[in-house]
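Have a look at the structure below, then the notes.
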Amino acid sequence: MHPRTRKRVVEAAQVMLILLAAVLVLLPIVWIGMAAFKRHVDVFQLKLLFTPTLENFAKIIEPPYSILDKLMNSFVVAAFTVLVALPLATCAAYAFSRFRLAGERVMLVTILATQFVPAVVIVLPFFLMFRAMGLLDTRFALILVDIAIVMPFATWMIKGFIDGIPLETEEAALVDGSTRLQVIRNVVIPMAAPGIITAGIFSFIIAWNEFLFALILTRRDALTLPIGLQLFNGEEGVLWHLLAAAGLLIMAPMIVLALSVQKHFVQGMTMGAVR
């Protein structure tokens with residue numbers, strides 16, 4: 001086969017694989033989007049043309065579903081998780097990157113090892129601890145758990161970006177009279193912003209989608225959206241039209257977040273891949 005022909009065949013195969021992957025990813029999302037606006041009887045019919053309705057959204061925001069309360073719980077938990085975990089992870093990452101600490105390697109390995117512990121192993125100790133403290137079924141308990149979950153991941157990711165910042169830039173700022181905190185604020189954070197934003201996005205997604213701890217630690221007041229989806233399993237079976245409407249509400253904030261910080265997210269992932 002001629003080299004030019006072979007190149008065209010390879011490029012065509014790559015395009016086909018990309019299109020196939022896009023279809024596999026987007027097809028469930030398109031189905032959920034369509035089902036969210038269908039009546040119950042239309043969900044089970046494979047037709048593209050139907051009369052859309054907003055009744056599903058009206059039903060899920062009313063009792064017994066009250067999905068807006070669960071949406072607010074999920075947002076508060078995820079937002080506060082990021083607001084607390086990201087500064088702490090940035091400080092920890094800077095310390096590991098710039099200072100030679102006693103037992104540094106052991107601490108880094110220990111932080112990484114926590115990511116390999118199955119959640120089901122530690123959910124019971126968390127439950128017993130929060131029950132003794134009177135924190136069951138509270139947003140505060142979920143925020144504490146989610147911070148513990150995302151901190152190791154965020155620390156390792158941000159450290160990789162800080163490692164790539166030339167040390168000479170910080171030394172020049174220190175020579176000019178800046179304090180260490182001013183160097184972190186004016187030099188390190190702006191230069192590591194893509195990595196910090198990327199870590200924040202992933203942390204928000206992890207906290208937003210967290211299921212097991214929210215299932216065990218909540219009962220009524222602090223139910224989050226992933227747990228609220230269980231309410232759509234009625235006596236007549238799964239209420240797919242209502243489940244799809246609620247699923248659309250879960251995905252919408254993630255889509256808006258991804259689009260709003262797309263530039264920084266892509267830059268952060270690219271820089272991380274290069275390093």
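Identifiers in this document derive from the order of the structure tokens: chains are assigned A, B, ..., residues are numbered from 1 separately in each chain, and ligands are numbered from 1 in order of occurrence.
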
- Message: Give me the residues near Ile196 of chain A as a PyMOL selection string, where near means some atom within 9 Å (using only C-alpha atoms) and where sequence neighbours in that chain fewer than 5 positions away do not count.
- Response: chain A and resi 86+90+154+157-158+161+189+201+268

- Message: Measuring between only C-alpha atoms, which one of A:Ile227, A:Ala93, A:Val82, A:Ala192 shows the shortest distance to Ile111 of chain A?
- Response: A:Ala93

- Item | DSSP-assigned alpha helix (DSSP H) members of segment 68-172 of chain A, reported as a ChimeraX atom specification | /A:68-98,104-113,119-133,139-163,167-172

- Residue with smallest distance to Leu242 of chain A - pool A:Ala21, A:Tyr94, A:Met16, A:Ile32, counting only C-alpha atoms: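 Of all the options, A:Ile32 lies closest to Leu242 of chain A.
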
Could I get the residues of segment 137-198 of chain A with an atom no further than 8 Å from an atom of segment 204-218 of chain A, each paired with its nearest atom pair and that distance in Å to one decimal, using only C-alpha atoms, sorted by chain and residue number, as CSV?
residue,atom,partner,partner_atom,distance
A:Asp137,CA,A:Thr218,CA,4.0
A:Thr138,CA,A:Thr218,CA,6.9
A:Ala141,CA,A:Leu217,CA,7.7
A:Leu142,CA,A:Ala214,CA,6.7
A:Val145,CA,A:Phe213,CA,7.7
A:Asp146,CA,A:Ala207,CA,5.8
A:Val150,CA,A:Ile206,CA,7.3

- Item | Near-Ala148 of chain A list (10 Å; only C-alpha atoms; drop same-chain fewer than 6 positions) as a PyMOL selection string | chain A and resi 81+85+114+142

Residues as selected, all heavy atoms, written as a PDB file, in the first residue's frame, can you do that?
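What landed in result33.pdb:
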ATOM      1  N   THR A  81     -17.044  22.185  50.108  1.00  0.00           N
ATOM      2  CA  THR A  81     -15.925  21.243  50.015  1.00  0.00           C
ATOM      3  C   THR A  81     -14.781  21.843  49.220  1.00  0.00           C
ATOM      4  O   THR A  81     -13.616  21.788  49.621  1.00  0.00           O
ATOM      5  CB  THR A  81     -16.384  19.928  49.365  1.00  0.00           C
ATOM      6  OG1 THR A  81     -17.371  19.303  50.192  1.00  0.00           O
ATOM      7  CG2 THR A  81     -15.216  18.978  49.174  1.00  0.00           C
ATOM      8  N   ALA A  85     -11.263  22.768  50.802  1.00  0.00           N
ATOM      9  CA  ALA A  85     -10.209  21.824  50.424  1.00  0.00           C
ATOM     10  C   ALA A  85      -9.164  22.447  49.516  1.00  0.00           C
ATOM     11  O   ALA A  85      -7.965  22.139  49.630  1.00  0.00           O
ATOM     12  CB  ALA A  85     -10.829  20.603  49.742  1.00  0.00           C
ATOM     13  N   THR A 114      -4.256   6.671  50.642  1.00  0.00           N
ATOM     14  CA  THR A 114      -5.641   6.837  51.094  1.00  0.00           C
ATOM     15  C   THR A 114      -6.635   6.747  49.933  1.00  0.00           C
ATOM     16  O   THR A 114      -7.808   6.437  50.145  1.00  0.00           O
ATOM     17  CB  THR A 114      -5.815   8.186  51.800  1.00  0.00           C
ATOM     18  OG1 THR A 114      -5.493   9.256  50.895  1.00  0.00           O
ATOM     19  CG2 THR A 114      -4.927   8.279  53.018  1.00  0.00           C
ATOM     20  N   LEU A 142     -21.268  15.768  55.780  1.00  0.00           N
ATOM     21  CA  LEU A 142     -20.929  15.444  54.393  1.00  0.00           C
ATOM     22  C   LEU A 142     -19.761  16.286  53.900  1.00  0.00           C
ATOM     23  O   LEU A 142     -18.904  15.798  53.149  1.00  0.00           O
ATOM     24  CB  LEU A 142     -22.153  15.667  53.491  1.00  0.00           C
ATOM     25  CG  LEU A 142     -23.338  14.729  53.721  1.00  0.00           C
ATOM     26  CD1 LEU A 142     -24.477  15.063  52.768  1.00  0.00           C
ATOM     27  CD2 LEU A 142     -22.936  13.273  53.554  1.00  0.00           C
TER      28      LEU A 142
END

- Query: So what do you get for atom CA of Thr53 of chain A versus atom CA of Phe37 of chain A, distance-wise?
  - Reply: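 A separation of 5.1 Å between them.
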